[in-house]
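In what follows, a structure is listed as structure tokens, so that the remarks can point back to it.
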Amino acid sequence: MLLQEPGHSPYDLRFELLGFPVRVAWSFWLAALLIGWQIVLGVEGILGDDGLPMPALFAIWSGCVFLSILIHELGHALAFRQFGVQSSVVLYYLGGLAIPTSSYSPDRGFGNLSPKQDMWVSFAGPLAQLLSAAVVGLIVVLLGYELTVLRMMGAPFDMIPGAEGGERLDVVSPGLFALVTFYIFPSVLWAILNLIPVWPLDGGHIVRSAILSRGGNVVQALWVSVIAAALVCVYGFSVGDRFLGVMFLVLGVSSFQAIQQLSGPRFG
């Protein structure tokens, strides 16, 4: 099963935040380094000889990714709490999970959420992440600095006010430039990636809830997932992003297998 809670390890980091138990699996840090390798190298190239050493850049990157995905999952957890469901947060190599654990009253639980409530819970994570990136970006622009990270992400982000003009942050403060870039870049892209209507990403949950609320069924939602996954898979391989291509190939195959299980012959 994809996107399921990883096994516990004595090397996991555990703490509580806003009343939610949080567990950070050791695999989260390894995945953060692997995924961020090219991004960190790109920022090092921009900063040049006057920049920060690689260990410092990787430390900033890991911290920013940790905070960004934690905010994403806290968005889900707070939405669950809004509907009377308690949850815990787990960060691991595939990102994070907000896992329902109990309810505040006997008649409320994860299985009792309406499609519209489930849709809000799914959307709350990416929304929290995007809002946090917007706040960071707005502060940078209001301070009179150029938001270079928008141009780094390419169209259509480079059209957003703040992508050009203002003092270059990488010249004024290499450390602050790395901090802003390493926070906004994964926050925006991770949120958008999760909103793609592929099961079991947040976008897949949203489409499933929308279809169910209109009288549709799970199989219809899974077909949307298969088609969307195929399109993203083709795009990923066409632009040379093998990670993206393989990831959505696996997700698409998983959705297709789920369709076969739900549509197959039943006996007894």
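As shown in the structure tokens, the chain order sets the letters A, B, ...; within each chain, residues go from 1, and ligands are also counted from 1 in the order they appear.
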
>> as a list in words, please: the residues near Ile60 of chain A (cut-off 10 Å, only C-alpha atoms, same-chain neighbours under 4 positions excluded).
In response: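 Returned residues: Val40, Met54, Pro55, Ala56, Cys64, Val65, Phe66, Gly175, Leu176, Ala178, Leu179, Val180, Phe182 and Tyr183 of chain A.
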
>> If you run DSSP on the backbone here, which positions in segment 73-106 of chain A get strand (DSSP E)? Please write them as number ranges by chain.
In response: A: 85-92, 95-103

Expected file: the selected residues, all heavy atoms, as a compact mmCIF listing (two decimals), in the first residue's frame:
```
# COMPACT_ATOMS: atom_id res chain seq x y z
N VAL A 85 -12.01 15.21 15.13
CA VAL A 85 -11.16 14.03 14.97
C VAL A 85 -9.73 14.39 15.40
O VAL A 85 -9.17 15.37 14.92
CB VAL A 85 -11.16 13.53 13.51
CG1 VAL A 85 -10.23 12.32 13.36
CG2 VAL A 85 -12.57 13.19 13.06
N GLN A 86 -9.19 13.61 16.32
CA GLN A 86 -7.79 13.79 16.73
C GLN A 86 -6.89 13.01 15.78
O GLN A 86 -7.28 11.97 15.23
CB GLN A 86 -7.58 13.31 18.17
CG GLN A 86 -6.14 13.39 18.67
CD GLN A 86 -5.61 14.82 18.74
OE1 GLN A 86 -5.71 15.59 17.78
NE2 GLN A 86 -5.01 15.16 19.87
N SER A 87 -5.68 13.51 15.57
CA SER A 87 -4.76 12.84 14.64
C SER A 87 -3.32 13.03 15.10
O SER A 87 -3.03 13.85 15.98
CB SER A 87 -4.93 13.40 13.23
OG SER A 87 -4.67 14.80 13.20
N SER A 88 -2.43 12.25 14.52
CA SER A 88 -0.99 12.38 14.76
C SER A 88 -0.32 12.65 13.42
O SER A 88 -0.88 12.39 12.35
CB SER A 88 -0.43 11.11 15.39
OG SER A 88 -0.58 10.01 14.51
N VAL A 89 0.88 13.19 13.48
CA VAL A 89 1.63 13.57 12.27
C VAL A 89 2.89 12.73 12.17
O VAL A 89 3.60 12.54 13.16
CB VAL A 89 1.99 15.06 12.30
CG1 VAL A 89 2.95 15.41 11.16
CG2 VAL A 89 0.73 15.92 12.20
N VAL A 90 3.13 12.20 10.98
CA VAL A 90 4.34 11.43 10.71
C VAL A 90 5.02 12.00 9.48
O VAL A 90 4.38 12.19 8.43
CB VAL A 90 4.03 9.93 10.48
CG1 VAL A 90 5.30 9.17 10.11
CG2 VAL A 90 3.39 9.32 11.71
N LEU A 91 6.31 12.30 9.58
CA LEU A 91 7.11 12.71 8.43
C LEU A 91 8.04 11.56 8.09
O LEU A 91 8.72 11.02 8.97
CB LEU A 91 7.92 13.97 8.74
CG LEU A 91 7.15 15.21 9.23
CD1 LEU A 91 8.08 16.40 9.32
CD2 LEU A 91 5.96 15.51 8.34
N TYR A 92 8.10 11.21 6.80
CA TYR A 92 8.96 10.09 6.39
C TYR A 92 9.43 10.32 4.97
O TYR A 92 9.28 11.44 4.43
CB TYR A 92 8.23 8.76 6.55
CG TYR A 92 7.07 8.51 5.60
CD1 TYR A 92 6.99 7.35 4.85
CD2 TYR A 92 6.03 9.43 5.46
CE1 TYR A 92 5.93 7.11 3.99
CE2 TYR A 92 4.97 9.20 4.61
CZ TYR A 92 4.93 8.04 3.88
OH TYR A 92 3.89 7.82 3.02
N GLY A 95 7.32 12.07 2.35
CA GLY A 95 6.73 13.35 2.73
C GLY A 95 6.16 13.29 4.12
O GLY A 95 6.89 13.33 5.11
N GLY A 96 4.83 13.22 4.22
CA GLY A 96 4.22 13.20 5.53
C GLY A 96 2.81 12.66 5.50
O GLY A 96 2.20 12.51 4.44
N LEU A 97 2.29 12.37 6.68
CA LEU A 97 0.93 11.86 6.84
C LEU A 97 0.31 12.48 8.08
O LEU A 97 0.99 12.66 9.09
CB LEU A 97 0.93 10.33 7.01
CG LEU A 97 1.41 9.47 5.84
CD1 LEU A 97 1.60 8.04 6.31
CD2 LEU A 97 0.44 9.53 4.68
N ALA A 98 -0.97 12.80 7.98
CA ALA A 98 -1.77 13.15 9.16
C ALA A 98 -2.72 11.98 9.37
O ALA A 98 -3.60 11.73 8.54
CB ALA A 98 -2.53 14.44 8.93
N ILE A 99 -2.51 11.25 10.45
CA ILE A 99 -3.22 9.97 10.65
C ILE A 99 -4.28 10.12 11.73
O ILE A 99 -3.96 10.42 12.89
CB ILE A 99 -2.22 8.88 11.05
CG1 ILE A 99 -1.10 8.78 10.00
CG2 ILE A 99 -2.92 7.53 11.22
CD1 ILE A 99 0.04 7.88 10.41
N PRO A 100 -5.56 9.92 11.39
CA PRO A 100 -6.62 9.98 12.40
C PRO A 100 -6.39 8.89 13.46
O PRO A 100 -6.10 7.75 13.13
CB PRO A 100 -7.90 9.71 11.60
CG PRO A 100 -7.55 9.98 10.18
CD PRO A 100 -6.10 9.63 10.04
N THR A 101 -6.51 9.27 14.72
CA THR A 101 -6.26 8.31 15.80
C THR A 101 -7.47 8.10 16.70
O THR A 101 -7.65 7.01 17.24
CB THR A 101 -5.08 8.78 16.67
OG1 THR A 101 -5.36 10.11 17.16
CG2 THR A 101 -3.79 8.80 15.87
N SER A 102 -8.28 9.13 16.89
CA SER A 102 -9.44 9.01 17.77
C SER A 102 -10.38 10.18 17.49
O SER A 102 -10.07 11.07 16.70
CB SER A 102 -9.01 9.02 19.24
OG SER A 102 -8.35 10.23 19.56
N SER A 103 -11.53 10.16 18.15
CA SER A 103 -12.50 11.25 18.02
C SER A 103 -12.79 11.83 19.39
O SER A 103 -12.58 11.18 20.42
CB SER A 103 -13.79 10.76 17.36
OG SER A 103 -14.41 9.76 18.15
```

>> Please identify the alpha helix (DSSP H) residues within segment 115-217 of chain A (assignment by DSSP from backbone atoms) and present them as a VMD selection string.
In response: chain A and resid 115 to 142 148 to 153 169 to 172 174 to 194 202 to 213

Saved selection, atoms kept: C-alpha atoms, as a PDB file, in the first residue's frame:
```pdb
ATOM      1  CA  PRO A 115     -17.454  14.181   1.387  1.00  0.00           C
ATOM      2  CA  LYS A 116     -17.317  17.978   1.755  1.00  0.00           C
ATOM      3  CA  GLN A 117     -15.597  17.702   5.128  1.00  0.00           C
ATOM      4  CA  ASP A 118     -13.133  15.188   3.739  1.00  0.00           C
ATOM      5  CA  MET A 119     -12.493  17.570   0.827  1.00  0.00           C
ATOM      6  CA  TRP A 120     -11.638  20.393   3.235  1.00  0.00           C
ATOM      7  CA  VAL A 121      -9.313  18.167   5.269  1.00  0.00           C
ATOM      8  CA  SER A 122      -7.473  17.190   2.081  1.00  0.00           C
ATOM      9  CA  PHE A 123      -7.194  20.773   0.833  1.00  0.00           C
ATOM     10  CA  ALA A 124      -6.131  22.239   4.173  1.00  0.00           C
ATOM     11  CA  GLY A 125      -2.602  20.785   3.981  1.00  0.00           C
ATOM     12  CA  PRO A 126      -1.548  22.293   0.618  1.00  0.00           C
ATOM     13  CA  LEU A 127      -3.347  25.526   1.532  1.00  0.00           C
ATOM     14  CA  ALA A 128      -1.385  25.907   4.769  1.00  0.00           C
ATOM     15  CA  GLN A 129       1.860  25.234   2.919  1.00  0.00           C
ATOM     16  CA  LEU A 130       1.104  27.742   0.133  1.00  0.00           C
ATOM     17  CA  LEU A 131       0.020  30.410   2.619  1.00  0.00           C
ATOM     18  CA  SER A 132       3.225  30.004   4.603  1.00  0.00           C
ATOM     19  CA  ALA A 133       5.289  30.399   1.416  1.00  0.00           C
ATOM     20  CA  ALA A 134       3.230  33.467   0.454  1.00  0.00           C
ATOM     21  CA  VAL A 135       3.882  35.073   3.853  1.00  0.00           C
ATOM     22  CA  VAL A 136       7.642  34.513   3.528  1.00  0.00           C
ATOM     23  CA  GLY A 137       7.629  35.865  -0.025  1.00  0.00           C
ATOM     24  CA  LEU A 138       5.557  38.914   0.928  1.00  0.00           C
ATOM     25  CA  ILE A 139       7.934  39.790   3.761  1.00  0.00           C
ATOM     26  CA  VAL A 140      10.907  39.594   1.386  1.00  0.00           C
ATOM     27  CA  VAL A 141       9.220  41.848  -1.200  1.00  0.00           C
ATOM     28  CA  LEU A 142       8.040  44.375   1.401  1.00  0.00           C
ATOM     29  CA  THR A 148      14.697  35.418  -7.107  1.00  0.00           C
ATOM     30  CA  VAL A 149      13.228  32.007  -6.299  1.00  0.00           C
ATOM     31  CA  LEU A 150      10.187  32.795  -8.500  1.00  0.00           C
ATOM     32  CA  ARG A 151      12.405  33.164 -11.573  1.00  0.00           C
ATOM     33  CA  MET A 152      14.231  29.999 -10.604  1.00  0.00           C
ATOM     34  CA  MET A 153      10.925  28.084 -10.682  1.00  0.00           C
ATOM     35  CA  LEU A 169      19.119  39.078  -1.568  1.00  0.00           C
ATOM     36  CA  ASP A 170      21.875  36.674  -2.613  1.00  0.00           C
ATOM     37  CA  VAL A 171      24.312  39.595  -2.684  1.00  0.00           C
ATOM     38  CA  VAL A 172      23.141  41.237   0.559  1.00  0.00           C
ATOM     39  CA  PRO A 174      23.747  34.630   1.119  1.00  0.00           C
ATOM     40  CA  GLY A 175      22.394  32.858   4.192  1.00  0.00           C
ATOM     41  CA  LEU A 176      19.033  34.627   4.070  1.00  0.00           C
ATOM     42  CA  PHE A 177      18.832  34.018   0.307  1.00  0.00           C
ATOM     43  CA  ALA A 178      19.354  30.293   0.861  1.00  0.00           C
ATOM     44  CA  LEU A 179      16.770  30.277   3.664  1.00  0.00           C
ATOM     45  CA  VAL A 180      14.084  32.005   1.563  1.00  0.00           C
ATOM     46  CA  THR A 181      14.803  29.946  -1.551  1.00  0.00           C
ATOM     47  CA  PHE A 182      14.913  26.631   0.289  1.00  0.00           C
ATOM     48  CA  TYR A 183      11.600  27.373   1.989  1.00  0.00           C
ATOM     49  CA  ILE A 184       9.521  28.802  -0.866  1.00  0.00           C
ATOM     50  CA  PHE A 185      10.739  26.396  -3.573  1.00  0.00           C
ATOM     51  CA  PRO A 186       9.661  23.097  -1.947  1.00  0.00           C
ATOM     52  CA  SER A 187       6.590  24.653  -0.302  1.00  0.00           C
ATOM     53  CA  VAL A 188       5.063  25.764  -3.599  1.00  0.00           C
ATOM     54  CA  LEU A 189       6.067  22.736  -5.658  1.00  0.00           C
ATOM     55  CA  TRP A 190       5.124  20.202  -2.963  1.00  0.00           C
ATOM     56  CA  ALA A 191       1.692  21.776  -2.517  1.00  0.00           C
ATOM     57  CA  ILE A 192       1.030  21.853  -6.268  1.00  0.00           C
ATOM     58  CA  LEU A 193       2.264  18.283  -6.661  1.00  0.00           C
ATOM     59  CA  ASN A 194      -0.112  17.128  -3.934  1.00  0.00           C
ATOM     60  CA  ASP A 202      -4.450  15.229  -1.609  1.00  0.00           C
ATOM     61  CA  GLY A 203      -5.784  16.082  -5.066  1.00  0.00           C
ATOM     62  CA  GLY A 204      -6.933  12.493  -5.481  1.00  0.00           C
ATOM     63  CA  HIS A 205      -8.812  12.704  -2.169  1.00  0.00           C
ATOM     64  CA  ILE A 206     -10.408  15.993  -3.228  1.00  0.00           C
ATOM     65  CA  VAL A 207     -11.610  14.587  -6.573  1.00  0.00           C
ATOM     66  CA  ARG A 208     -12.897  11.430  -4.884  1.00  0.00           C
ATOM     67  CA  SER A 209     -14.858  13.498  -2.351  1.00  0.00           C
ATOM     68  CA  ALA A 210     -16.221  15.759  -5.094  1.00  0.00           C
ATOM     69  CA  ILE A 211     -17.391  12.792  -7.187  1.00  0.00           C
ATOM     70  CA  LEU A 212     -18.967  11.052  -4.191  1.00  0.00           C
ATOM     71  CA  SER A 213     -20.773  14.251  -3.161  1.00  0.00           C
TER      72      SER A 213
END
```

>> Quick check, in Å to one decimal: how far apart do atom CA of Val234 of chain A and atom CA of Ser62 of chain A lie?
In response: 29.5 Å

> Which of these residues is nearest to Gly63 of chain A, using only C-alpha atoms: A:Gly36, A:Ala79, A:Ile259, A:Gly84?
Replying inline: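 That would be A:Gly36, the residue with the smallest distance to Gly63 of chain A.
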
>> Please report the interatomic distance between atom CA of Gly215 of chain A and atom CA of Ser114 of chain A in Å with one decimal.
In response: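 Computing it gives 12.6 Å between the two atoms.
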
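In this model, the gap between atom CA of Ala32 of chain A and atom CA of Met247 of chain A comes to 16.0 Å.
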